[in-house]
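Peer 1: There's a structure below that I have some questions on.
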Amino acid sequence: MPDASPDNRPYRPCVGIMVLNAAGSVFVGSRVDVPGDHWQMPQGGIDKGETPVEAAFREVYEEIGIVRDKLELIRESAQWLHYDLPTALSRRIWKGRYRGQKQRWFAMRFNGTDADIDLTRHKPEFDRWRWVTRAELPSLIVPFKQDTYEKVVSEFSDLG
């Protein structure tokens, strides 16, 4: 019989970044750790002593190799967004300490060229990437993150 008790574990503090190119398209990468098409925008944990905006710039550099001077911060989300991981996954990763993630989202304009993107700058998290429209985003994302992505798209819908 499944455990019906509430999950009182905390959410992992994290950032997510919507990287927009000059045409207004959004960067997505396909995760290396999951076979198939598992696309997402850059995201990652906030290190001890780091502000969310510092974490956002660091994560973009680590995950997709874009240096800070090729990015312009456009907007920070008004609130933290939360999502729960599937229970089996949440018990396996992060030593089972977290039920999911709470994310502060940032929209950033990428002022470089596609040649500035380097998925191997750090330990690769993506094996391929592409630019997509905001309307496409929720349908590309794993189901447990779709609600979060719909909220991010809505909040940043006015950005060109």
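Ordering of the structure tokens sets the chain letters (A, B, ...), residue numbers begin anew at 1 in every chain, and ligands are numbered from 1 in the order given.
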Sorted by chain and rising residue number, which residues of stretch 83-108 of chain A lie within 7 Å of stretch 72-76 of chain A, and what are their closest atom pairs and distances in Å to one decimal, counting only C-alpha atoms, as CSV?
Peer 2:
```
residue,atom,partner,partner_atom,distance
A:Trp105,CA,A:Glu76,CA,5.9
A:Phe106,CA,A:Glu76,CA,4.5
A:Ala107,CA,A:Arg75,CA,5.2
A:Met108,CA,A:Leu73,CA,4.6
```
Peer 1: Write out as an NGL selection string which residues come within 12 Å of A:Val34 when counting only C-alpha atoms, dropping same-chain ones fewer than 5 positions away.
Peer 2: :A and (29 or 39-40 or 125-127 or 142)
Peer 1: Given only C-alpha atoms as the basis, pick out the residue of A:Ile64, A:Ile46, A:Val26, A:Ala115 nearest to A:Tyr11.
Peer 2: A:Ile46
Peer 1: Could you pull the residues within 8 Å of A:Arg12, counting only C-alpha atoms, minus those fewer than 5 positions along the same chain, as a ChimeraX atom specification?
Peer 2: /A:45,98-102
Peer 1: Could you save the residues just selected, with C-alpha atoms, as a PDB file, in the first residue's frame?
Peer 2:
```pdb
ATOM      1  CA  GLY A  45      21.234  24.906  -7.318  1.00  0.00           C
ATOM      2  CA  TYR A  98      14.499  17.274  -1.071  1.00  0.00           C
ATOM      3  CA  ARG A  99      10.999  16.665  -2.402  1.00  0.00           C
ATOM      4  CA  GLY A 100      11.626  18.913  -5.405  1.00  0.00           C
ATOM      5  CA  GLN A 101      12.917  22.348  -6.229  1.00  0.00           C
ATOM      6  CA  LYS A 102      11.938  25.940  -5.554  1.00  0.00           C
TER       7      LYS A 102
END
```
Peer 1: Tell me, as a list in words, which residues lie within 7 Å of stretch 52-56 of chain A, counting only C-alpha atoms; anything in the same chain fewer than 3 positions away does not count.
Peer 2: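 Once the adjacent positions are removed, what remains is Val15, Gly16, Ile17, Ile46, Glu59, Val60 and Arg104 of chain A.
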Peer 1: Can you measure atom CA of A:His82 to atom CA of A:Gly44 for me? One decimal in Å is fine.
Peer 2: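 Atom CA of A:Gly44 lies 13.4 Å from atom CA of A:His82.
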Peer 1: Within 10 Å of stretch 121-124 of chain A, which residues of stretch 22-71 of chain A show up? Give each one with its shortest atom-to-atom distance in Å (one decimal) and the two atoms involved, counting only C-alpha atoms, rows by chain then rising residue number, as JSON lines.
Peer 2:
```
{"residue": "A:Arg31", "atom": "CA", "partner": "A:Pro124", "partner_atom": "CA", "distance": 8.7}
{"residue": "A:Val32", "atom": "CA", "partner": "A:Pro124", "partner_atom": "CA", "distance": 7.3}
{"residue": "A:Asp33", "atom": "CA", "partner": "A:Pro124", "partner_atom": "CA", "distance": 9.5}
{"residue": "A:Glu59", "atom": "CA", "partner": "A:His122", "partner_atom": "CA", "distance": 9.9}
{"residue": "A:Tyr61", "atom": "CA", "partner": "A:Arg121", "partner_atom": "CA", "distance": 7.6}
{"residue": "A:Glu62", "atom": "CA", "partner": "A:His122", "partner_atom": "CA", "distance": 5.2}
{"residue": "A:Glu63", "atom": "CA", "partner": "A:His122", "partner_atom": "CA", "distance": 6.6}
{"residue": "A:Ile64", "atom": "CA", "partner": "A:Arg121", "partner_atom": "CA", "distance": 7.1}
{"residue": "A:Gly65", "atom": "CA", "partner": "A:Arg121", "partner_atom": "CA", "distance": 5.3}
{"residue": "A:Ile66", "atom": "CA", "partner": "A:Arg121", "partner_atom": "CA", "distance": 8.9}
```
Peer 1: Take the residues just selected and output them with C-alpha atoms as a PDB file, in the first residue's frame.
Peer 2:
```
ATOM      1  CA  ARG A  31      19.804  16.291 -20.807  1.00  0.00           C
ATOM      2  CA  VAL A  32      22.722  13.845 -21.039  1.00  0.00           C
ATOM      3  CA  ASP A  33      21.601  11.782 -18.044  1.00  0.00           C
ATOM      4  CA  GLU A  59      24.699  28.158 -14.135  1.00  0.00           C
ATOM      5  CA  TYR A  61      28.265  29.598 -17.849  1.00  0.00           C
ATOM      6  CA  GLU A  62      28.618  26.061 -16.466  1.00  0.00           C
ATOM      7  CA  GLU A  63      25.795  24.482 -18.461  1.00  0.00           C
ATOM      8  CA  ILE A  64      26.029  26.228 -21.811  1.00  0.00           C
ATOM      9  CA  GLY A  65      29.346  28.073 -21.715  1.00  0.00           C
ATOM     10  CA  ILE A  66      28.067  31.607 -22.228  1.00  0.00           C
TER      11      ILE A  66
END
```
Peer 1: Report as an MDAnalysis selection string: the residues of chain A with a DSSP assignment of strand (DSSP E or B), based on the backbone of this structure.
Peer 2: chainID A and resid 11:20 26:31 39:40 43:45 71:76 81:84 100:110 126:132
Peer 1: Would you please extract all alpha helix (DSSP H) residues from chain A, as assigned by DSSP on the backbone, and give them as a ChimeraX atom specification?
Peer 2: /A:52-64,87-92,137-140,146-155
Peer 1: Rank A:Trp94, A:Phe57, A:Phe110, A:Phe27 by their smallest atom-to-atom distance to A:Leu137, using only C-alpha atoms, and report the top residue only.
Peer 2: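 Looking only at the distances to A:Leu137, the closest residue turns out to be A:Phe27.
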Peer 1: Nearest residue to A:Gly112 out of A:Asn21, A:Thr133, A:Gln146, A:Asn8, using only C-alpha atoms?
Peer 2: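 Checking each of A:Asn21, A:Thr133, A:Gln146, A:Asn8 against A:Gly112, counting only C-alpha atoms, the winner is A:Asn21.
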Peer 1: Nearest to A:Thr51: which of A:Ala78, A:Asp69, A:Cys14, A:Pro6 is it, counting only C-alpha atoms?
Peer 2: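 Between A:Ala78, A:Asp69, A:Cys14, A:Pro6, the residue approaching A:Thr51 most closely is A:Cys14.
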